[in-house]
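Q: Contents of input-v7.cif (mmCIF, C-alpha atoms and all ligand atoms) are below:
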```cif
data_my_file
loop_
_atom_site.group_PDB
_atom_site.id
_atom_site.type_symbol
_atom_site.label_atom_id
_atom_site.label_comp_id
_atom_site.auth_asym_id
_atom_site.auth_seq_id
_atom_site.Cartn_x
_atom_site.Cartn_y
_atom_site.Cartn_z
ATOM 1 C CA MET A 1 79.561 37.696 -72.913
ATOM 2 C CA THR A 2 80.178 36.170 -76.310
ATOM 3 C CA LEU A 3 80.055 37.630 -79.780
ATOM 4 C CA GLN A 4 78.483 35.326 -82.343
ATOM 5 C CA ILE A 5 80.153 35.673 -85.757
ATOM 6 C CA ARG A 6 78.152 35.557 -88.995
ATOM 7 C CA HIS A 7 80.212 35.390 -92.177
ATOM 8 C CA ALA A 8 79.214 37.326 -95.267
ATOM 9 C CA THR A 9 77.212 35.415 -97.877
ATOM 10 C CA HIS A 10 76.991 35.548 -101.670
ATOM 11 C CA PRO A 11 73.540 35.789 -103.307
ATOM 12 C CA GLU A 12 74.282 32.644 -105.319
ATOM 13 C CA GLN A 13 74.276 30.695 -102.038
ATOM 14 C CA VAL A 14 70.682 31.585 -101.216
ATOM 15 C CA PRO A 15 68.896 29.131 -103.586
ATOM 16 C CA GLY A 16 70.846 26.290 -101.973
ATOM 17 C CA PHE A 17 69.953 27.201 -98.392
ATOM 18 C CA ASP A 18 67.230 25.189 -96.668
ATOM 19 C CA THR A 19 65.093 26.760 -93.939
ATOM 20 C CA ALA A 20 67.639 26.030 -91.201
ATOM 21 C CA ALA A 21 70.506 27.538 -93.217
ATOM 22 C CA LEU A 22 68.498 30.652 -94.093
ATOM 23 C CA ARG A 23 67.718 31.136 -90.410
ATOM 24 C CA ARG A 24 71.327 30.465 -89.348
ATOM 25 C CA HIS A 25 72.700 33.091 -91.746
ATOM 26 C CA TYR A 26 70.073 35.849 -91.664
ATOM 27 C CA LEU A 27 67.817 35.515 -88.594
ATOM 28 C CA VAL A 28 69.018 36.702 -85.182
ATOM 29 C CA ASP A 29 66.613 35.148 -82.699
ATOM 30 C CA ASP A 30 68.523 35.214 -79.419
ATOM 31 C CA LEU A 31 69.475 38.833 -78.700
ATOM 32 C CA PHE A 32 67.164 39.355 -75.744
ATOM 33 C CA VAL A 33 68.041 37.062 -72.861
ATOM 34 C CA PRO A 34 67.160 38.123 -69.283
ATOM 35 C CA GLY A 35 70.188 39.359 -67.341
ATOM 36 C CA ALA A 36 72.527 39.386 -70.349
ATOM 37 C CA VAL A 37 73.973 41.329 -73.265
ATOM 38 C CA ASN A 38 73.992 39.103 -76.367
ATOM 39 C CA ALA A 39 75.717 40.216 -79.558
ATOM 40 C CA VAL A 40 76.187 39.137 -83.171
ATOM 41 C CA LEU A 41 78.790 40.478 -85.606
ATOM 42 C CA THR A 42 77.974 40.181 -89.286
ATOM 43 C CA HIS A 43 80.805 40.599 -91.748
ATOM 44 C CA HIS A 44 78.307 42.421 -93.973
ATOM 45 C CA ASP A 45 79.594 45.973 -93.284
ATOM 46 C CA ARG A 46 80.959 44.749 -89.901
ATOM 47 C CA ILE A 47 77.695 45.566 -88.157
ATOM 48 C CA VAL A 48 77.219 44.407 -84.572
ATOM 49 C CA LEU A 49 73.679 43.784 -83.307
ATOM 50 C CA ALA A 50 73.221 43.420 -79.549
ATOM 51 C CA GLY A 51 70.365 43.074 -77.090
ATOM 52 C CA ALA A 52 70.545 44.017 -73.403
ATOM 53 C CA ARG A 53 67.981 42.915 -70.788
ATOM 54 C CA PRO A 54 69.066 44.276 -67.378
ATOM 55 C CA THR A 55 66.447 42.267 -65.461
ATOM 56 C CA ASP A 56 68.575 41.676 -62.368
ATOM 57 C CA GLY A 57 70.596 44.901 -62.195
ATOM 58 C CA PRO A 58 72.747 47.147 -64.392
ATOM 59 C CA LEU A 59 74.462 45.643 -67.439
ATOM 60 C CA THR A 60 77.530 47.079 -69.171
ATOM 61 C CA LEU A 61 78.229 47.009 -72.906
ATOM 62 C CA GLY A 62 81.616 45.308 -72.811
ATOM 63 C CA THR A 63 84.012 44.715 -75.656
ATOM 64 C CA TYR A 64 84.905 41.387 -77.285
ATOM 65 C CA PRO A 65 88.279 39.802 -78.118
ATOM 66 C CA GLU A 66 87.257 39.649 -81.811
ATOM 67 C CA LEU A 67 87.132 43.480 -81.948
ATOM 68 C CA ARG A 68 90.672 43.896 -80.578
ATOM 69 C CA SER A 69 89.563 47.092 -78.850
ATOM 70 C CA GLU A 70 90.035 48.377 -75.315
ATOM 71 C CA TYR A 71 86.300 49.166 -75.071
ATOM 72 C CA PHE A 72 83.340 48.535 -77.356
ATOM 73 C CA LEU A 73 83.036 52.039 -78.836
ATOM 74 C CA GLU A 74 86.765 52.671 -79.240
ATOM 75 C CA ARG A 75 86.380 52.610 -83.062
ATOM 76 C CA ARG A 76 82.602 52.220 -83.298
ATOM 77 C CA GLU A 77 79.352 54.140 -82.945
ATOM 78 C CA ALA A 78 75.957 52.794 -81.877
ATOM 79 C CA GLY A 79 72.265 53.517 -82.169
ATOM 80 C CA ILE A 80 70.295 52.179 -79.195
ATOM 81 C CA VAL A 81 66.489 51.795 -79.125
ATOM 82 C CA ASN A 82 64.523 50.720 -76.068
ATOM 83 C CA VAL A 83 61.993 48.138 -77.270
ATOM 84 C CA GLY A 84 60.795 47.359 -73.718
ATOM 85 C CA VAL A 85 59.320 49.496 -70.943
ATOM 86 C CA PRO A 86 61.126 52.710 -69.826
ATOM 87 C CA GLY A 87 64.637 52.472 -68.434
ATOM 88 C CA THR A 88 67.931 54.365 -68.456
ATOM 89 C CA VAL A 89 71.171 54.209 -70.407
ATOM 90 C CA THR A 90 74.242 55.875 -68.909
ATOM 91 C CA ALA A 91 76.998 56.932 -71.317
ATOM 92 C CA ASP A 92 80.254 57.951 -69.600
ATOM 93 C CA GLY A 93 78.364 59.093 -66.497
ATOM 94 C CA THR A 94 75.450 60.920 -68.201
ATOM 95 C CA LYS A 95 72.112 59.202 -67.641
ATOM 96 C CA TYR A 96 69.432 59.177 -70.395
ATOM 97 C CA GLU A 97 65.807 58.176 -69.654
ATOM 98 C CA LEU A 98 64.557 56.141 -72.596
ATOM 99 C CA THR A 99 60.831 55.504 -72.997
ATOM 100 C CA SER A 100 59.647 52.676 -75.225
ATOM 101 C CA GLY A 101 60.708 53.414 -78.796
ATOM 102 C CA ALA A 102 63.187 56.155 -77.799
ATOM 103 C CA CYS A 103 66.616 56.234 -79.418
ATOM 104 C CA LEU A 104 70.070 57.126 -78.098
ATOM 105 C CA TYR A 105 72.984 57.679 -80.480
ATOM 106 C CA VAL A 106 76.312 57.014 -78.748
ATOM 107 C CA GLY A 107 79.429 58.203 -80.547
ATOM 108 C CA ARG A 108 82.905 56.799 -80.978
ATOM 109 C CA GLY A 109 85.101 57.182 -77.904
ATOM 110 C CA VAL A 110 82.448 56.685 -75.203
ATOM 111 C CA ARG A 111 84.100 54.265 -72.837
ATOM 112 C CA GLU A 112 81.231 53.062 -70.702
ATOM 113 C CA VAL A 113 77.601 52.332 -71.586
ATOM 114 C CA VAL A 114 75.379 50.990 -68.774
ATOM 115 C CA PHE A 115 71.834 49.681 -69.249
ATOM 116 C CA GLU A 116 69.266 49.758 -66.424
ATOM 117 C CA GLY A 117 65.568 48.960 -65.984
ATOM 118 C CA PRO A 118 64.213 45.538 -65.025
ATOM 119 C CA GLU A 119 61.626 45.510 -67.823
ATOM 120 C CA ALA A 120 63.598 47.503 -70.399
ATOM 121 C CA ALA A 121 65.017 45.822 -73.525
ATOM 122 C CA TYR A 122 67.723 47.677 -75.424
ATOM 123 C CA TYR A 123 68.496 46.969 -79.069
ATOM 124 C CA VAL A 124 71.973 48.079 -80.124
ATOM 125 C CA PHE A 125 73.010 48.573 -83.768
ATOM 126 C CA SER A 126 76.716 49.376 -84.105
ATOM 127 C CA ALA A 127 79.058 50.039 -87.037
ATOM 128 C CA PRO A 128 82.694 51.128 -87.425
ATOM 129 C CA ALA A 129 83.168 54.908 -87.053
ATOM 130 C CA HIS A 130 85.960 57.141 -88.330
ATOM 131 C CA THR A 131 85.291 60.093 -86.020
ATOM 132 C CA ALA A 132 83.381 61.072 -82.856
ATOM 133 C CA PHE A 133 79.906 62.616 -83.060
ATOM 134 C CA PRO A 134 78.115 63.755 -79.887
ATOM 135 C CA THR A 135 75.831 61.411 -77.994
ATOM 136 C CA ARG A 136 72.195 62.456 -78.525
ATOM 137 C CA GLN A 137 68.749 61.240 -77.559
ATOM 138 C CA VAL A 138 65.666 61.338 -79.822
ATOM 139 C CA ASN A 139 62.245 60.494 -78.422
ATOM 140 C CA PRO A 140 59.362 58.983 -80.414
ATOM 141 C CA GLY A 141 57.821 61.742 -82.561
ATOM 142 C CA GLU A 142 60.912 63.980 -82.345
ATOM 143 C CA GLY A 143 62.631 62.670 -85.465
ATOM 144 C CA ASN A 144 61.643 63.350 -89.043
ATOM 145 C CA ARG A 145 58.226 61.762 -89.415
ATOM 146 C CA LEU A 146 56.926 60.222 -92.651
ATOM 147 C CA GLU A 147 53.401 58.875 -93.118
ATOM 148 C CA LEU A 148 53.422 56.244 -95.844
ATOM 149 C CA GLY A 149 51.127 53.639 -97.388
ATOM 150 C CA ASP A 150 47.404 53.155 -97.465
ATOM 151 C CA GLN A 151 44.905 51.244 -95.335
ATOM 152 C CA GLN A 152 43.443 49.851 -98.602
ATOM 153 C CA THR A 153 46.696 47.993 -99.259
ATOM 154 C CA ALA A 154 47.278 47.141 -95.576
ATOM 155 C CA ASN A 155 50.511 49.148 -95.401
ATOM 156 C CA ARG A 156 49.611 52.393 -93.607
ATOM 157 C CA ARG A 157 52.638 53.139 -91.451
ATOM 158 C CA THR A 158 54.501 55.912 -89.635
ATOM 159 C CA ILE A 159 58.258 56.151 -90.120
ATOM 160 C CA ASP A 160 60.322 58.047 -87.531
ATOM 161 C CA GLN A 161 63.814 58.806 -88.840
ATOM 162 C CA PHE A 162 66.127 59.310 -85.847
ATOM 163 C CA ILE A 163 69.756 59.013 -87.011
ATOM 164 C CA HIS A 164 69.987 60.316 -90.585
ATOM 165 C CA ALA A 165 71.509 62.959 -92.835
ATOM 166 C CA ASP A 166 69.218 65.771 -91.563
ATOM 167 C CA GLY A 167 68.862 64.530 -87.973
ATOM 168 C CA VAL A 168 71.227 63.096 -85.396
ATOM 169 C CA GLN A 169 74.648 62.985 -87.054
ATOM 170 C CA SER A 170 76.668 59.798 -87.336
ATOM 171 C CA CYS A 171 79.527 58.361 -89.374
ATOM 172 C CA GLN A 172 77.610 55.552 -91.055
ATOM 173 C CA ILE A 173 74.450 54.685 -89.169
ATOM 174 C CA VAL A 174 71.008 55.565 -90.521
ATOM 175 C CA LEU A 175 68.292 54.401 -88.111
ATOM 176 C CA GLY A 176 64.624 54.813 -87.297
ATOM 177 C CA VAL A 177 61.444 53.098 -86.192
ATOM 178 C CA THR A 178 58.460 52.222 -88.375
ATOM 179 C CA THR A 179 55.074 51.506 -86.780
ATOM 180 C CA LEU A 180 52.262 49.822 -88.676
ATOM 181 C CA HIS A 181 48.805 51.289 -88.027
ATOM 182 C CA ALA A 182 46.143 48.944 -86.611
ATOM 183 C CA GLY A 183 44.901 46.719 -89.437
ATOM 184 C CA SER A 184 47.991 47.273 -91.571
ATOM 185 C CA THR A 185 50.446 44.431 -91.930
ATOM 186 C CA TRP A 186 52.757 45.078 -94.912
ATOM 187 C CA ASN A 187 56.002 46.993 -94.564
ATOM 188 C CA THR A 188 58.170 48.205 -97.433
ATOM 189 C CA MET A 189 56.151 47.094 -100.437
ATOM 190 C CA PRO A 190 57.071 47.701 -103.250
ATOM 191 C CA ALA A 191 60.334 46.282 -101.940
ATOM 192 C CA HIS A 192 63.789 47.677 -102.638
ATOM 193 C CA THR A 193 67.485 46.961 -102.354
ATOM 194 C CA HIS A 194 70.306 49.451 -101.800
ATOM 195 C CA ASP A 195 73.535 48.006 -103.030
ATOM 196 C CA ARG A 196 75.548 50.509 -101.019
ATOM 197 C CA ARG A 197 74.356 49.453 -97.530
ATOM 198 C CA THR A 198 73.505 46.513 -95.312
ATOM 199 C CA GLU A 199 70.173 46.919 -93.501
ATOM 200 C CA CYS A 200 68.834 45.101 -90.442
ATOM 201 C CA TYR A 201 65.249 44.994 -89.190
ATOM 202 C CA LEU A 202 64.437 44.276 -85.522
ATOM 203 C CA TYR A 203 60.745 43.521 -85.163
ATOM 204 C CA PHE A 204 59.018 44.447 -81.888
ATOM 205 C CA GLY A 205 55.557 45.065 -80.459
ATOM 206 C CA LEU A 206 54.324 41.854 -82.112
ATOM 207 C CA PRO A 207 52.063 39.676 -79.904
ATOM 208 C CA GLU A 208 53.749 36.437 -78.801
ATOM 209 C CA THR A 209 51.218 34.356 -80.778
ATOM 210 C CA GLU A 210 51.863 36.196 -84.072
ATOM 211 C CA ARG A 211 54.606 36.107 -86.728
ATOM 212 C CA ILE A 212 56.072 38.172 -89.558
ATOM 213 C CA VAL A 213 56.673 36.596 -92.966
ATOM 214 C CA HIS A 214 59.899 38.403 -93.895
ATOM 215 C CA LEU A 215 61.063 38.319 -97.527
ATOM 216 C CA LEU A 216 64.770 38.271 -98.384
ATOM 217 C CA GLY A 217 67.105 37.482 -101.264
ATOM 218 C CA GLU A 218 67.631 38.993 -104.677
ATOM 219 C CA PRO A 219 64.331 40.294 -106.122
ATOM 220 C CA GLU A 220 64.216 37.562 -108.757
ATOM 221 C CA GLU A 221 64.998 34.736 -106.283
ATOM 222 C CA THR A 222 63.282 35.460 -102.957
ATOM 223 C CA ARG A 223 62.963 33.321 -99.845
ATOM 224 C CA HIS A 224 61.123 33.920 -96.578
ATOM 225 C CA LEU A 225 61.709 33.695 -92.838
ATOM 226 C CA LEU A 226 59.037 33.337 -90.158
ATOM 227 C CA VAL A 227 60.043 35.910 -87.546
ATOM 228 C CA ALA A 228 58.827 36.376 -83.952
ATOM 229 C CA ASP A 229 58.820 39.399 -81.658
ATOM 230 C CA ARG A 230 62.239 40.889 -80.839
ATOM 231 C CA GLN A 231 63.998 38.973 -83.583
ATOM 232 C CA ALA A 232 66.218 40.640 -86.188
ATOM 233 C CA VAL A 233 66.958 39.938 -89.848
ATOM 234 C CA ILE A 234 70.249 40.826 -91.589
ATOM 235 C CA SER A 235 69.744 41.978 -95.195
ATOM 236 C CA PRO A 236 72.944 42.119 -97.270
ATOM 237 C CA SER A 237 73.160 44.896 -99.856
ATOM 238 C CA TRP A 238 71.734 42.630 -102.593
ATOM 239 C CA SER A 239 68.697 41.538 -100.577
ATOM 240 C CA ILE A 240 65.197 42.943 -100.473
ATOM 241 C CA HIS A 241 63.813 43.437 -96.947
ATOM 242 C CA SER A 242 60.073 43.456 -96.717
ATOM 243 C CA GLY A 243 57.512 41.686 -94.596
ATOM 244 C CA CYS A 244 53.890 41.023 -93.801
ATOM 245 C CA GLY A 245 52.670 40.296 -90.282
ATOM 246 C CA THR A 246 49.767 38.267 -88.988
ATOM 247 C CA SER A 247 49.064 41.444 -86.968
ATOM 248 C CA SER A 248 50.442 44.985 -86.832
ATOM 249 C CA TYR A 249 53.850 45.640 -85.243
ATOM 250 C CA SER A 250 56.819 48.008 -85.160
ATOM 251 C CA PHE A 251 60.384 47.558 -86.304
ATOM 252 C CA VAL A 252 63.748 49.262 -85.942
ATOM 253 C CA TRP A 253 65.387 49.608 -89.362
ATOM 254 C CA ALA A 254 69.056 50.458 -89.357
ATOM 255 C CA MET A 255 71.737 50.594 -92.027
ATOM 256 C CA ALA A 256 75.467 51.124 -92.456
ATOM 257 C CA GLY A 257 77.648 51.333 -95.527
ATOM 258 C CA GLU A 258 78.592 53.658 -98.327
ATOM 259 C CA ASN A 259 76.142 56.557 -97.920
ATOM 260 C CA GLN A 260 73.429 57.926 -95.624
ATOM 261 C CA ALA A 261 70.791 58.909 -98.200
ATOM 262 C CA PHE A 262 67.506 57.425 -96.978
ATOM 263 C CA GLY A 263 66.104 57.721 -100.504
ATOM 264 C CA ASP A 264 68.921 55.686 -102.058
ATOM 265 C CA MET A 265 66.696 52.709 -102.857
ATOM 266 C CA ASP A 266 66.440 50.625 -106.008
ATOM 267 C CA GLY A 267 62.728 49.895 -106.028
ATOM 268 C CA VAL A 268 61.398 46.642 -107.437
ATOM 269 C CA ASP A 269 58.085 46.458 -109.255
ATOM 270 C CA VAL A 270 55.825 43.976 -107.463
ATOM 271 C CA ARG A 271 55.356 42.120 -110.779
ATOM 272 C CA ASP A 272 59.107 41.495 -111.051
ATOM 273 C CA LEU A 273 59.426 39.680 -107.707
ATOM 274 C CA ARG A 274 59.964 35.938 -107.901
HETATM 275 O O1 LIG B 301 58.204 50.738 -93.813
HETATM 276 C C1 LIG B 301 59.127 51.032 -94.568
HETATM 277 O O2 LIG B 301 58.956 51.216 -95.792
HETATM 278 C C2 LIG B 301 60.457 51.190 -93.999
HETATM 279 O O3 LIG B 301 60.600 51.427 -92.826
HETATM 280 C C3 LIG B 301 61.604 51.025 -94.926
HETATM 281 C C4 LIG B 301 62.939 51.110 -94.243
HETATM 282 O O4 LIG B 301 63.045 52.324 -93.620
HETATM 283 C C5 LIG B 301 64.025 50.913 -95.232
HETATM 284 O O5 LIG B 301 64.136 49.836 -95.793
HETATM 285 C C6 LIG B 301 64.966 52.003 -95.468
HETATM 286 O O6 LIG B 301 65.918 51.648 -96.423
HETATM 287 ZN ZN ZN B 302 65.875 49.536 -97.089
#
```
With the file now loaded, output its structure as structure tokens.
Ligand SMILES: O=C(O)C(=O)C[C@H](O)C(=O)CO
Ligand SMILES: [Zn+2]
A:
Amino acid sequence: MTLQIRHATHPEQVPGFDTAALRRHYLVDDLFVPGAVNAVLTHHDRIVLAGARPTDGPLTLGTYPELRSEYFLERREAGIVNVGVPGTVTADGTKYELTSGACLYVGRGVREVVFEGPEAAYYVFSAPAHTAFPTRQVNPGEGNRLELGDQQTANRRTIDQFIHADGVQSCQIVLGVTTLHAGSTWNTMPAHTHDRRTECYLYFGLPETERIVHLLGEPEETRHLLVADRQAVISPSWSIHSGCGTSSYSFVWAMAGENQAFGDMDGVDVRDLR
């Protein structure tokens, strides 16, 4: 089990990045490997993204030498979303049944997290935590639900907020799942930044033959990534995070940083994007 390290980047670097460099810095395309837990640490807000595919038996969320911790959640918290078929996650001996799209918040101090389910695929978003909040499960439809967008502009979507200021409590993490309605393809347009947090999107439910065109960078200097199913994008605080798919899809959005206000967004007029 290795932890891939991604260093923080400055927005002035983005114009000089070619496609390969953009993908190396911001795209995480190898989280979900059968029989393994794969993890990436970004120095943007010290977020760890991991994927667990327990195809051949239970898998444990272990720690990494780079974290200098006795166990993974010694000083961290995590939001876990099952993006595969139903399975179970056991946190310090308590077993949680997670359907597809269900979320489990696991607080600081939980020593052992075990993933099970041969067809399940667990996405883990973890950030440093200063105190311990209780472990809690939220099923699809049980969070705070927002219906946004319009079919006319191809961005009709349902947002389920799971871990947030008025829902499951956490130190830093704000997390939910957005699902595009059939025929809708645009997420998060008009786009926004939030200088106080890093945000990561993990796209799922996208057919294998389809792709998302994900926009990143400062609003006046954008670039794009072509993203496949079960791939994640790291958006530093200065970067927009918005995308259009060649079909509809879902994504886990998750943030960590200075505050937990979902509405803390600096919107960008579509006409100002470059
Ligand atoms: O579809 C959307 O719009 C989103 O899901 C937006 C994300 O939740 C987000 O970027 C929150 O900051
Ligand atoms: Zn955002």
Q: Pick from A:Met255, A:Val106, A:Val168, A:Val113: nearest to ligand LIG 301 (chain B), with all atoms listed in the file counted?
A: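 Closest to ligand LIG 301 (chain B) of all the choices is A:Met255.
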Q: Using all atoms listed in the file, find the one residue out of A:Arg156, A:Lys95, A:Arg230, A:Arg136 that sits nearest to Gln169 (chain A).
A: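 Ranked by minimum distance to Gln169 (chain A), first place goes to A:Arg136.
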Q: Taking only residues of chain A that have an atom at most 9 Å from an atom of ligand LIG 301 (chain B), what is each one's shortest atom pair and its distance in Å to one decimal, using all atoms listed in the file, in chain and number order, as a Markdown table?
A:
```
| residue | atom | partner | partner_atom | distance |
| --- | --- | --- | --- | --- |
| A:Leu148 | CA | B:LIG301 | O2 | 7.5 |
| A:Gly149 | CA | B:LIG301 | O2 | 8.3 |
| A:Asn155 | CA | B:LIG301 | O1 | 8.0 |
| A:Arg156 | CA | B:LIG301 | O1 | 8.8 |
| A:Arg157 | CA | B:LIG301 | O1 | 6.5 |
| A:Thr158 | CA | B:LIG301 | O1 | 7.6 |
| A:Ile159 | CA | B:LIG301 | O3 | 5.9 |
| A:Asp160 | CA | B:LIG301 | O3 | 8.5 |
| A:Gln161 | CA | B:LIG301 | O4 | 8.1 |
| A:Val174 | CA | B:LIG301 | C6 | 8.6 |
| A:Leu175 | CA | B:LIG301 | O4 | 7.9 |
| A:Gly176 | CA | B:LIG301 | O4 | 7.0 |
| A:Val177 | CA | B:LIG301 | O3 | 6.9 |
| A:Thr178 | CA | B:LIG301 | O3 | 5.0 |
| A:Thr179 | CA | B:LIG301 | O1 | 7.7 |
| A:Leu180 | CA | B:LIG301 | O1 | 7.9 |
| A:Trp186 | CA | B:LIG301 | O1 | 7.9 |
| A:Asn187 | CA | B:LIG301 | O1 | 4.4 |
| A:Thr188 | CA | B:LIG301 | O2 | 3.5 |
| A:Met189 | CA | B:LIG301 | O2 | 6.8 |
| A:Pro190 | CA | B:LIG301 | O2 | 8.5 |
| A:Ala191 | CA | B:LIG301 | O2 | 8.0 |
| A:His192 | CA | B:LIG301 | O5 | 7.2 |
| A:Thr193 | CA | B:LIG301 | O6 | 7.7 |
| A:His194 | CA | B:LIG301 | O6 | 7.3 |
| A:Arg197 | CA | B:LIG301 | O6 | 8.8 |
| A:Glu199 | CA | B:LIG301 | O6 | 7.0 |
| A:Cys200 | CA | B:LIG301 | O5 | 8.6 |
| A:Tyr201 | CA | B:LIG301 | C4 | 8.3 |
| A:Ile240 | CA | B:LIG301 | O5 | 8.4 |
| A:His241 | CA | B:LIG301 | O5 | 6.5 |
| A:Ser242 | CA | B:LIG301 | O5 | 7.6 |
| A:Phe251 | CA | B:LIG301 | O3 | 7.6 |
| A:Val252 | CA | B:LIG301 | O3 | 7.9 |
| A:Trp253 | CA | B:LIG301 | O4 | 5.6 |
| A:Ala254 | CA | B:LIG301 | C6 | 7.5 |
| A:Met255 | CA | B:LIG301 | O6 | 7.4 |
| A:Ala261 | CA | B:LIG301 | O6 | 8.9 |
| A:Phe262 | CA | B:LIG301 | O6 | 6.0 |
| A:Gly263 | CA | B:LIG301 | O6 | 7.3 |
| A:Asp264 | CA | B:LIG301 | O6 | 7.6 |
| A:Met265 | CA | B:LIG301 | O6 | 6.6 |
```
Q: Please report the interatomic distance between CA of Ala120 (chain A) and CA of Thr135 (chain A) in Å with one decimal.
A: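 These two atoms are separated by 20.0 Å.
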Q: For ligand ZN 302 (chain B), which residue among A:Gly267, A:Gly79, A:Pro86, A:Gly93 is the nearest when counting only C-alpha atoms and all ligand atoms?
A: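 Of A:Gly267, A:Gly79, A:Pro86, A:Gly93, the one nearest ligand ZN 302 (chain B) is A:Gly267, counting only C-alpha atoms and all ligand atoms.
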Q: List the residues selected by the PyMOL selection byres (((chain A and resi 91) around 7) and not hetatm) in the file shown, writing them as an MDAnalysis selection string.
A: chainID A and resid 89:90 92:95 110 112:114
Q: What separation in Å, quoted to one decimal, exists between CA of Phe32 (chain A) and CA of Ala154 (chain A)?
A: 29.1 Å
Q: What's the 8 Å shell around Pro140 (chain A), counting only C-alpha atoms, without same-chain residues fewer than 5 positions away, as a PyMOL selection string?
A: chain A and resi 101-103+160
Q: What is the CA of Thr9 (chain A) to CA of Thr246 (chain A) distance in Å?
A: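 The value is 29.0 Å.
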Q: Quick one: residues within 9 Å of Ala127 (chain A), all atoms listed in the file, excluding same-chain residues fewer than 3 positions away - as a PyMOL selection string?
A: chain A and resi 45-48+75-78+171-173+255-257
Q: Let me see the file: selected residues, C-alpha atoms, as an mmCIF file, keeping the file's coordinate frame.
A:
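What landed in result-v1.cif:
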```cif
data_model
loop_
_atom_site.group_PDB
_atom_site.id
_atom_site.type_symbol
_atom_site.label_atom_id
_atom_site.label_comp_id
_atom_site.auth_asym_id
_atom_site.auth_seq_id
_atom_site.Cartn_x
_atom_site.Cartn_y
_atom_site.Cartn_z
ATOM 1 C CA ASP A 45 79.594 45.973 -93.284
ATOM 2 C CA ARG A 46 80.959 44.749 -89.901
ATOM 3 C CA ILE A 47 77.695 45.566 -88.157
ATOM 4 C CA VAL A 48 77.219 44.407 -84.572
ATOM 5 C CA ARG A 75 86.380 52.610 -83.062
ATOM 6 C CA ARG A 76 82.602 52.220 -83.298
ATOM 7 C CA GLU A 77 79.352 54.140 -82.945
ATOM 8 C CA ALA A 78 75.957 52.794 -81.877
ATOM 9 C CA CYS A 171 79.527 58.361 -89.374
ATOM 10 C CA GLN A 172 77.610 55.552 -91.055
ATOM 11 C CA ILE A 173 74.450 54.685 -89.169
ATOM 12 C CA MET A 255 71.737 50.594 -92.027
ATOM 13 C CA ALA A 256 75.467 51.124 -92.456
ATOM 14 C CA GLY A 257 77.648 51.333 -95.527
#
```
Q: Can you list what the PyMOL selection byres (((chain A and resi 207) around 9) and not hetatm) grabs from this structure, as an mmCIF file with C-alpha atoms, in the coordinates of the input?
A:
```cif
data_model
loop_
_atom_site.group_PDB
_atom_site.id
_atom_site.type_symbol
_atom_site.label_atom_id
_atom_site.label_comp_id
_atom_site.auth_asym_id
_atom_site.auth_seq_id
_atom_site.Cartn_x
_atom_site.Cartn_y
_atom_site.Cartn_z
ATOM 1 C CA PHE A 204 59.018 44.447 -81.888
ATOM 2 C CA GLY A 205 55.557 45.065 -80.459
ATOM 3 C CA LEU A 206 54.324 41.854 -82.112
ATOM 4 C CA GLU A 208 53.749 36.437 -78.801
ATOM 5 C CA THR A 209 51.218 34.356 -80.778
ATOM 6 C CA GLU A 210 51.863 36.196 -84.072
ATOM 7 C CA ARG A 211 54.606 36.107 -86.728
ATOM 8 C CA ALA A 228 58.827 36.376 -83.952
ATOM 9 C CA ASP A 229 58.820 39.399 -81.658
ATOM 10 C CA SER A 247 49.064 41.444 -86.968
ATOM 11 C CA SER A 248 50.442 44.985 -86.832
ATOM 12 C CA TYR A 249 53.850 45.640 -85.243
#
```
Q: Apply the PyMOL selection byres (((chain A and resi 218-220) around 9) and not hetatm) to the displayed file and report the matching residues as a list in words.
A: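 Against this file, the PyMOL selection byres (((chain A and resi 218-220) around 9) and not hetatm) returns the residues Pro11, Val14, Ala191, His192, Thr193, Leu216, Gly217, Glu221, Thr222, Arg223, Trp238, Ser239, Ile240, Val268, Asp272, Leu273 and Arg274 of chain A.
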Q: Restrict the selected residues to C-alpha atoms and save them as a PDB file, in the frame of the given file.
A:
```pdb
ATOM      1  CA  PRO A  11      73.540  35.789-103.307  1.00  0.00           C
ATOM      2  CA  VAL A  14      70.682  31.585-101.216  1.00  0.00           C
ATOM      3  CA  ALA A 191      60.334  46.282-101.940  1.00  0.00           C
ATOM      4  CA  HIS A 192      63.789  47.677-102.638  1.00  0.00           C
ATOM      5  CA  THR A 193      67.485  46.961-102.354  1.00  0.00           C
ATOM      6  CA  LEU A 216      64.770  38.271 -98.384  1.00  0.00           C
ATOM      7  CA  GLY A 217      67.105  37.482-101.264  1.00  0.00           C
ATOM      8  CA  GLU A 221      64.998  34.736-106.283  1.00  0.00           C
ATOM      9  CA  THR A 222      63.282  35.460-102.957  1.00  0.00           C
ATOM     10  CA  ARG A 223      62.963  33.321 -99.845  1.00  0.00           C
ATOM     11  CA  TRP A 238      71.734  42.630-102.593  1.00  0.00           C
ATOM     12  CA  SER A 239      68.697  41.538-100.577  1.00  0.00           C
ATOM     13  CA  ILE A 240      65.197  42.943-100.473  1.00  0.00           C
ATOM     14  CA  VAL A 268      61.398  46.642-107.437  1.00  0.00           C
ATOM     15  CA  ASP A 272      59.107  41.495-111.051  1.00  0.00           C
ATOM     16  CA  LEU A 273      59.426  39.680-107.707  1.00  0.00           C
ATOM     17  CA  ARG A 274      59.964  35.938-107.901  1.00  0.00           C
TER      18      ARG A 274
END
```
Q: Counting only C-alpha atoms, which of A:Glu12, A:Asp29, A:Asp195, A:Glu74 gets nearest to Leu226 (chain A)?
A: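 For Leu226 (chain A), the nearest of the candidates is A:Asp29.
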Q: Which centre and edge lengths in Å to one decimal define the box along x, y and z that fits every listed atom of region 10-18 of chain A plus 8 Å per side, as JSON?
A:
```
{"center_x": 72.1, "center_y": 30.5, "center_z": -101.0, "size_x": 25.8, "size_y": 26.6, "size_z": 24.7}
```
Q: Need the shell around Thr88 (chain A): protein/DNA/RNA residues with any atom at most 12 Å away, counting all atoms listed in the file. Skip same-chain ones fewer than 5 positions apart. Format as a ChimeraX atom specification?
A: /A:52-54,57-59,80-82,93-100,102-104,113-122,137
